[in-house]
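Visitor: Input: one structure, supplied below.
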Amino acid sequence: MAPRTSKSAPASTNRTPTTAGTAAEHASPYRDHLALDQVVPAEAATPRERFEALARTLRDAIAPNWLKTRALQDSANPKRVYYLSMEFLIGRTLVNNIINMRAESLAQEALAPAPETTWRELIEQEPDAGLGNGGLGRLAACYIDSLATLHIPAMGYGLRYDYGIFRQGIENGQQVEHPDPWLAHSDPWEVVRCGESVSVPIACSFELEHGVLRAVSGGSSRLMGTPYDRPVVGYGGETVNTLRLWKASAPDEFDFREFSGGDFVGAVVDQIVAESVTRVLYPDDSTNAGQALRFVQEYFLVCCSLGDIVARFRKQNKDWQQLPEKVAIQLNDTHPAIAVAELMRLLLDEAHLSWETAWDLTVRTLAYTNHTLLPEALEKWPVRFFERVCPRHLELIYEINRRFLDDVRARYPGDEGRIERMSLVEEGHGRLIRMAHLAIVGSHSVNGVARIHSELLRTRVVSDFAEMYPDRFNNKTNGVTPRRWIQQANPELARLLNATIGDTWLTDLSQLQGLAARADDPKFQEEFRAAKRGAKERFAEWVRTTTGQEVDPTTLFDCQIKRIHEYKRQLLNVLHIVVLYSQLRDNPDLAMPRRTFFFAGKAAPAYRLAKLIIKLINDVARAVDADPRTRDRIRVVFLPNYNVTLAERLIPAADVSEQISTAGYEASGTGNMKFMMNGALTIGTRDGATIEMAEQAGEENLFLFGLTAQQVAESRGWYDPRWHYENEPETRRALDLVFGNHFSPAEPGIYEPIREALLTHGDYFMHLADLTAYAEAHRRIGEVYADPREWTRRAILNVARSGLFSSDRAIAEYAADIWSAEPCLA
Ligand SMILES: *Cc1c(COP(=O)(O)O)cnc(C)c1O
């Protein structure tokens, strides 16, 4: 079947207004949705109502292909891929579906003959689906887009949180968290499938105590998981896969009555308690808060999803031996790692297979992606949580561990240290289950997300496991979808690409290399610069209208947008700005291009130091603005509430991408890739995928600086941040300004925790070690930016060589190396 053309009409809704004379001459599916769903005349509809009607009109066009995809996959019985993730950071869906359906003109025609609104205005009515924290959740969203685009039979499984990642406000320079009720209006994309609900046994019951869910021992209970399906439209619209998000509730009415033993009010309270399981996303990125409710969420996701997967498998296959040939389950980090025990339980207790057979099938079905080297992110759950919630799973984990440690002993006799290091159980005050060990032992594939990360995983973090199972370990460098991150975010650049190399880059990003030959072409350079200028002007206009702040689009746009974390080193960035501030005050003639430094990012609500860094950025921004010697030379802008939509707005406008993590700590990064494809030049450390970006683009086309991962590790023993304070005048001047309350005259001492982290507690993330090299890299940026032809040449080469970082490439590698999954096409 040929991909839909933009001219193809939406599938008929088969609905006719029943009232005679209802705008018969203007009948259209869009107007029908307004009249029949919202019950408003088109003229009186609010923008939100128009958005919903347009979204439903588009869904009408998607639904037939969604059905067709399901029918095709049901009849072909192919191997299916299941992507289990606690997070899907989807962002907006309408605009993405219009692009992937290639339905721009359909959308515009749907609104005719009342084109007082354009679809580009209506997309602003949609809230972001913020069901994730950052890179891990956004990766899951890019991957399901690529799976559908590559026609791989696949399904994403996650949770339908009532509240996604909090909305960040900034008050007095400080982060304040507001709830994100993204489902306040009904969501036009989701389809609830009550008939496919599943039941999850829990060995305890729960009560709400001051709004916090508490497990009560004894009295087993059950949770019901109800699937809410969202279409995942591949590019061209032919394959429409499903993202299935589970909502928790109490068992249905029949069991509900039986359960509550006639206590009607108590039963209703039980319902409220049960629903609180999927109430809210935990807002921690790269840390494990260790909360019991989070544990229940992970268990709930796994039980619902595996129950569903196994039921689908059984419908089409009679022989359990076929499981690994028909099912591949990818665990996005350890969050769903209890799947190892749940799949064993299903195969042992429900299918009555032998342990050996069940274990063989489990390992061949599961695969695990590791996302971080930070020790505080590694999940370890108290044994007592398992005892309370799922004692059978604990029993199985103990048996898995017993057999596993027998294998270790057989291979390394007498090596008790190794046994202790590798055990799934950490002994101590309160035993813990090491979820990463469980995931590794129970999977046939363990991958990191960039070459250096996979290497460090193998050699440092879990080297005992890599030694024991060398064939399991592999690398899959992350990628991002060019549909959202170029076509949708940067239509002007997309048009230029189409005019220059045709539009095949959308599904084969390696085609961008065709631009390299034009890198020095003055005419193409001018067109490229015009696209960047347009994006900067549009962004400046958006900032002006939404925040009232003036930003000058003729300045260099320098951007660091990502979660706020010490290892990502927003603090290094702001310290360098303080260095510049201090230099400009001493020497207003200092030669350097005018710069606007943009920051955006959320801090975990309990992460005190990260929140203090936000405060410092805002305080420095104010001081820079207040001083006539600095305010026309540099500006600092903290954009509140970083989310996918803000990333889509800012990245096309960026000149410089800040990727300055302490080397060895950023697993991959994906923000770095989005910037590269949109023609920003990277200033960065040799960390994560930035290393591979430099390899593709040529090191000379990035601004790399600072310690390598190896140097960071080797200097751990002797690094002394005070040496830099005492021997580097610019470092000292900057720190003295910050800690001498220059930026916080009304709040003296407020930055004391930062002083302690940097100068008393050894500057773990080595800000001061890299500050001088970072400033030098920024000087080089200033020089090159002063030469627009050279700058543009490098920017074009970066775009031309960014093809590797498409999520299509990443997913093709997962499909070939880990899943053995193939496209399923009519
Ligand atoms: C891409 C993206 C991220 C990941 O950014 P990194 O710079 O790789 O940490 C986080 N949040 C949002 C909203 C994104 O779009």
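Simple scheme: letters A, B, ... for chains in structure tokens order, numbers from 1 for residues in each chain, numbers from 1 for ligands in the order shown.
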Just want the residues within 7 Å of ligand 1, written as a short mmCIF file (atom, residue, chain, number, x, y, z; two decimals) with all heavy atoms, in the first residue's frame, counting only C-alpha atoms and all ligand atoms.
Guide:
data_model
loop_
_atom_site.label_atom_id
_atom_site.label_comp_id
_atom_site.auth_asym_id
_atom_site.auth_seq_id
_atom_site.Cartn_x
_atom_site.Cartn_y
_atom_site.Cartn_z
N ASN A 133 10.42 12.08 33.24
CA ASN A 133 11.29 13.06 33.87
C ASN A 133 12.20 13.77 32.88
O ASN A 133 12.43 14.97 32.99
CB ASN A 133 12.17 12.37 34.92
CG ASN A 133 11.47 12.28 36.26
OD1 ASN A 133 11.38 13.26 36.98
ND2 ASN A 133 10.96 11.10 36.58
N GLY A 134 12.79 13.01 31.97
CA GLY A 134 13.81 13.59 31.10
C GLY A 134 14.19 12.62 30.01
O GLY A 134 13.32 12.01 29.37
N GLY A 135 15.50 12.44 29.84
CA GLY A 135 16.00 11.68 28.70
C GLY A 135 15.46 10.26 28.59
O GLY A 135 15.12 9.81 27.49
N ARG A 138 11.89 10.42 27.33
CA ARG A 138 11.83 10.92 25.95
C ARG A 138 12.37 9.86 24.99
O ARG A 138 11.87 9.70 23.88
CB ARG A 138 12.61 12.23 25.84
CG ARG A 138 12.54 12.91 24.48
CD ARG A 138 11.11 13.14 23.98
NE ARG A 138 10.93 12.56 22.66
CZ ARG A 138 9.78 12.52 21.99
NH1 ARG A 138 8.65 13.01 22.49
NH2 ARG A 138 9.72 11.96 20.81
N ILE A 561 19.76 23.17 28.29
CA ILE A 561 18.41 22.79 28.70
C ILE A 561 18.38 21.30 28.96
O ILE A 561 18.62 20.50 28.09
CB ILE A 561 17.36 23.21 27.64
CG1 ILE A 561 17.67 22.63 26.26
CG2 ILE A 561 17.29 24.73 27.52
CD1 ILE A 561 16.56 22.83 25.24
N LYS A 562 18.11 20.93 30.19
CA LYS A 562 18.12 19.52 30.63
C LYS A 562 17.81 19.53 32.10
O LYS A 562 17.78 20.59 32.72
CB LYS A 562 19.50 18.90 30.36
CG LYS A 562 20.66 19.75 30.85
CD LYS A 562 22.02 19.15 30.52
CE LYS A 562 22.42 19.25 29.08
NZ LYS A 562 22.71 17.97 28.46
N ARG A 563 17.56 18.36 32.68
CA ARG A 563 17.34 18.33 34.12
C ARG A 563 18.52 19.00 34.84
O ARG A 563 19.66 18.92 34.38
CB ARG A 563 17.20 16.87 34.60
CG ARG A 563 15.86 16.26 34.24
CD ARG A 563 14.69 16.99 34.87
NE ARG A 563 14.62 16.79 36.30
CZ ARG A 563 13.68 16.07 36.91
NH1 ARG A 563 12.69 15.53 36.21
NH2 ARG A 563 13.68 15.92 38.22
N TYR A 642 10.74 23.61 31.76
CA TYR A 642 11.28 22.87 30.61
C TYR A 642 10.44 21.62 30.35
O TYR A 642 10.17 20.83 31.25
CB TYR A 642 12.73 22.46 30.90
CG TYR A 642 13.37 21.72 29.76
CD1 TYR A 642 13.25 22.16 28.46
CD2 TYR A 642 14.11 20.56 29.99
CE1 TYR A 642 13.84 21.48 27.40
CE2 TYR A 642 14.71 19.87 28.96
CZ TYR A 642 14.56 20.34 27.66
OH TYR A 642 15.14 19.66 26.62
N ASN A 643 10.02 21.46 29.11
CA ASN A 643 9.30 20.25 28.70
C ASN A 643 9.55 20.02 27.21
O ASN A 643 10.34 20.75 26.59
CB ASN A 643 7.80 20.36 29.04
CG ASN A 643 7.12 21.53 28.32
OD1 ASN A 643 7.67 22.13 27.40
ND2 ASN A 643 5.92 21.85 28.75
N VAL A 644 8.91 19.02 26.65
CA VAL A 644 9.18 18.67 25.25
C VAL A 644 8.84 19.85 24.33
O VAL A 644 9.59 20.17 23.41
CB VAL A 644 8.39 17.40 24.84
CG1 VAL A 644 8.50 17.15 23.34
CG2 VAL A 644 8.91 16.19 25.62
N ALA A 647 11.48 22.45 24.43
CA ALA A 647 12.66 21.97 23.69
C ALA A 647 12.44 22.15 22.18
O ALA A 647 13.34 22.61 21.46
CB ALA A 647 12.94 20.50 24.02
N SER A 668 24.46 8.94 27.88
CA SER A 668 24.48 9.21 26.45
C SER A 668 24.18 10.68 26.18
O SER A 668 24.94 11.41 25.56
CB SER A 668 23.45 8.34 25.72
OG SER A 668 23.22 8.85 24.42
N GLY A 669 23.02 11.12 26.71
CA GLY A 669 22.46 12.39 26.29
C GLY A 669 21.70 12.15 25.00
O GLY A 669 22.07 11.30 24.17
N THR A 670 20.60 12.86 24.84
CA THR A 670 19.90 12.90 23.56
C THR A 670 19.65 14.35 23.16
O THR A 670 19.49 14.63 21.98
CB THR A 670 18.56 12.14 23.62
OG1 THR A 670 17.84 12.56 24.79
CG2 THR A 670 18.77 10.64 23.65
N GLY A 671 19.64 15.24 24.16
CA GLY A 671 19.54 16.66 23.85
C GLY A 671 20.67 17.08 22.92
O GLY A 671 20.46 17.81 21.95
N ASN A 672 21.87 16.58 23.20
CA ASN A 672 23.03 16.88 22.35
C ASN A 672 22.74 16.57 20.88
O ASN A 672 23.09 17.34 19.99
CB ASN A 672 24.27 16.12 22.87
CG ASN A 672 24.00 14.63 23.17
OD1 ASN A 672 22.88 14.14 22.95
ND2 ASN A 672 25.00 13.93 23.66
#
Visitor: If we count only C-alpha atoms, what is near Arg50 in chain A at a cut-off of 10 Å, once residues fewer than 2 positions away on the same chain are taken out, given as a list of chain:residue names?
Guide: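 In the requested format, the answer is A:Tyr30, A:Arg31, A:His33, A:Leu34, A:Gln38, A:Val40, A:Ala42, A:Glu43, A:Ala44, A:Ala45, A:Thr46, A:Pro47, A:Arg48, A:Glu52, A:Ala53, A:Leu54, A:Ala55, A:Arg56, A:Leu111, A:Thr117, A:Trp119, A:Leu122, A:Ile123, A:Gln125.
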Visitor: Could you go through range 682-762 of chain A and tell me which residues DSSP, when run on the backbone, assigns to helix (DSSP H, G or I), listing them as a VMD selection string?
Guide: chain A and resid 690 to 697 699 to 701 709 to 715 721 to 727 729 to 739 752 to 760
Visitor: Name all residues at most 9 Å from Ala540 in chain A (count only C-alpha atoms; drop same-chain ones fewer than 6 positions away) and give them as a VMD selection string.
Guide: chain A and resid 549 to 553 653
Visitor: With N, CA, C and O atoms retained, could you export that selection as a compact mmCIF listing (two decimals), in the first residue's frame?
Guide:
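Contents of the output file part.txt:
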# COMPACT_ATOMS: atom_id res chain seq x y z
N GLN A 549 9.71 39.04 28.57
CA GLN A 549 11.14 39.35 28.52
C GLN A 549 11.59 39.64 27.09
O GLN A 549 11.15 38.99 26.15
N GLU A 550 12.49 40.60 26.95
CA GLU A 550 13.06 40.91 25.64
C GLU A 550 14.33 40.10 25.45
O GLU A 550 15.25 40.17 26.28
N VAL A 551 14.41 39.33 24.39
CA VAL A 551 15.70 38.73 24.04
C VAL A 551 16.02 39.15 22.61
O VAL A 551 15.13 39.29 21.77
N ASP A 552 17.29 39.38 22.37
CA ASP A 552 17.73 39.95 21.10
C ASP A 552 18.18 38.83 20.17
O ASP A 552 19.21 38.18 20.41
N PRO A 553 17.44 38.59 19.09
CA PRO A 553 17.77 37.46 18.21
C PRO A 553 19.06 37.67 17.42
O PRO A 553 19.49 36.74 16.73
N ALA A 653 16.46 27.33 17.44
CA ALA A 653 17.00 28.69 17.52
C ALA A 653 18.41 28.72 18.11
O ALA A 653 19.02 29.79 18.18
Visitor: Pick out the residues sitting within 8 Å of Val302 in chain A, and hand them over as a list in words; count only C-alpha atoms, and ignore anything fewer than 3 positions along from it in its own chain.
Guide: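 Answer for this query is Leu84, Glu298, Tyr299, Ser305, Leu306, Pro336, Ile338, Ala339 and Glu342 of chain A.
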Visitor: Enumerate the residues of range 62-272 of chain A with a DSSP assignment of strand (DSSP E or B), computed from the backbone, and present them as number ranges by chain.
Guide: A: 80-84, 88-91, 129-131, 154-159, 163, 167-171, 174-178, 191-192, 198-202, 205-209, 212-216, 221-233, 240-249
Visitor: Do a neighbour search on Leu301 in chain A at 12 Å with only C-alpha atoms, toss out local chain neighbours closer than 6 positions, and write the hits as a ChimeraX atom specification.
Guide: /A:83-87,156-161,198-200,223-227,244-248,277-278,294-295,307-308,331,335-339,342
Visitor: Counting only C-alpha atoms, what is within 12 Å of Phe313 in chain A, bar same-chain residues fewer than 3 positions away, as a PDB file with C-alpha atoms, in the first residue's frame?
Guide:
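For reference, around.pdb as written:
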ATOM      1  CA  GLN A  73      -0.339  -8.488  13.087  1.00  0.00           C
ATOM      2  CA  ASP A  74      -2.996 -10.864  14.366  1.00  0.00           C
ATOM      3  CA  ASN A  77       1.549 -13.814  14.061  1.00  0.00           C
ATOM      4  CA  PRO A  78       4.961 -12.137  13.866  1.00  0.00           C
ATOM      5  CA  LYS A  79       7.483 -11.681  16.625  1.00  0.00           C
ATOM      6  CA  ARG A  80       6.350  -8.714  18.697  1.00  0.00           C
ATOM      7  CA  VAL A  81       8.454  -6.223  20.613  1.00  0.00           C
ATOM      8  CA  TYR A  82       7.246  -4.916  23.972  1.00  0.00           C
ATOM      9  CA  LEU A 306       3.141  -9.378  31.345  1.00  0.00           C
ATOM     10  CA  GLY A 307      -0.376 -10.678  31.940  1.00  0.00           C
ATOM     11  CA  ASP A 308      -1.439  -8.929  28.739  1.00  0.00           C
ATOM     12  CA  ILE A 309       1.604 -10.072  26.744  1.00  0.00           C
ATOM     13  CA  VAL A 310       1.246 -13.697  27.776  1.00  0.00           C
ATOM     14  CA  GLN A 316      -1.965 -17.248  18.837  1.00  0.00           C
ATOM     15  CA  ASN A 317       0.485 -19.909  20.001  1.00  0.00           C
ATOM     16  CA  LYS A 318      -0.074 -23.175  21.759  1.00  0.00           C
ATOM     17  CA  ASP A 319       3.515 -24.121  22.513  1.00  0.00           C
ATOM     18  CA  TRP A 320       5.239 -22.269  25.364  1.00  0.00           C
ATOM     19  CA  GLN A 321       8.574 -23.118  23.757  1.00  0.00           C
ATOM     20  CA  GLN A 322       7.669 -20.538  21.112  1.00  0.00           C
ATOM     21  CA  LEU A 323       7.704 -17.646  23.592  1.00  0.00           C
ATOM     22  CA  PRO A 324      11.157 -16.240  22.722  1.00  0.00           C
ATOM     23  CA  GLU A 325      10.394 -16.606  18.998  1.00  0.00           C
ATOM     24  CA  LYS A 326       7.224 -14.550  19.323  1.00  0.00           C
ATOM     25  CA  VAL A 327       7.927 -12.148  22.171  1.00  0.00           C
ATOM     26  CA  ALA A 328      10.784  -9.744  22.939  1.00  0.00           C
TER      27      ALA A 328
END
Visitor: Set the distance at 10 Å and use only C-alpha atoms: which residues neighbour range 378-381 of chain A once local chain neighbours fewer than 6 positions away are removed? I'd like the list as a PyMOL selection string.
Guide: chain A and resi 286-292+295+333-335+337+370-372+424-426+430-437
Visitor: Range 631-716 of chain A near range 496-499 of chain A within 12 Å: what's each residue's closest atom pair and its distance in Å to one decimal, counting only C-alpha atoms, ordered by chain then ascending residue number, as CSV?
Guide:
residue,atom,partner,partner_atom,distance
A:Met677,CA,A:Leu497,CA,11.3
A:Asn678,CA,A:Leu497,CA,11.1
A:Gly679,CA,A:Leu497,CA,11.9
Visitor: Kindly indicate which residue among A:Gly428, A:Pro375, A:Pro628, A:Pro788 lies nearest to Phe528 in chain A, using only C-alpha atoms for the distances.
Guide: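 Ranked by minimum distance to Phe528 in chain A, first place goes to A:Pro788.
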Visitor: Quick one: pull the distance between CA of Gln511 in chain A and CA of Asn701 in chain A, Å, one decimal.
Guide: 19.4 Å
Visitor: Just give me the gap between CA of Ala689 in chain A and CA of Ala450 in chain A in Å, one decimal is fine.
Guide: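 Computing the Euclidean distance for CA of Ala689 in chain A and CA of Ala450 in chain A yields 5.3 Å.
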Visitor: Please, what distance in Å, to one decimal, runs between CA of Asn401 in chain A and CA of Ile202 in chain A?
Guide: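 That distance, rounded to one decimal, is 22.9 Å.
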Visitor: Return the single residue from A:His761, A:Asp632, A:Asp464, A:Gly448 that is closest to Arg421 in chain A, with distances computed using only C-alpha atoms.
Guide: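 Of A:His761, A:Asp632, A:Asp464, A:Gly448, the one nearest Arg421 in chain A, counting only C-alpha atoms, is A:Asp464.
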Visitor: Between A:Gln271, A:Val216, A:Asp817, A:Val461, single out the one closest to Asn474 in chain A, counting only C-alpha atoms.
Guide: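 With only C-alpha atoms as the atom set, the closest residue is A:Asp817.
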Visitor: A:Leu681, A:Gly664, A:Arg544, A:Leu493: which is nearest Leu556 in chain A, counting only C-alpha atoms?
Guide: A:Leu681
Visitor: Choose the residue, out of A:Ala713, A:Val446, A:Leu147, A:Ala351, that has the smallest atom-to-atom separation from Glu822 in chain A; count only C-alpha atoms.
Guide: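 Going through A:Ala713, A:Val446, A:Leu147, A:Ala351 one by one, the smallest distance to Glu822 in chain A is for A:Leu147.
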Visitor: Per residue of range 442-513 of chain A within 12 Å of range 703-710 of chain A, what are the shortest atom pair and its distance in Å to one decimal, counting only C-alpha atoms, with rows by chain and residue number, as JSON lines?
Guide:
{"residue": "A:Ile452", "atom": "CA", "partner": "A:Ala709", "partner_atom": "CA", "distance": 9.0}
{"residue": "A:His453", "atom": "CA", "partner": "A:Ala709", "partner_atom": "CA", "distance": 10.3}
{"residue": "A:Glu455", "atom": "CA", "partner": "A:Ala709", "partner_atom": "CA", "distance": 11.3}
{"residue": "A:Leu456", "atom": "CA", "partner": "A:Ala709", "partner_atom": "CA", "distance": 9.3}
{"residue": "A:Arg460", "atom": "CA", "partner": "A:Gln710", "partner_atom": "CA", "distance": 11.5}
Visitor: Kindly indicate which residue among A:Phe264, A:Tyr228, A:Trp359, A:Phe638 lies nearest to Gln174 in chain A, using only C-alpha atoms for the distances.
Guide: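 Going through A:Phe264, A:Tyr228, A:Trp359, A:Phe638 one by one, the smallest distance to Gln174 in chain A is for A:Phe638.
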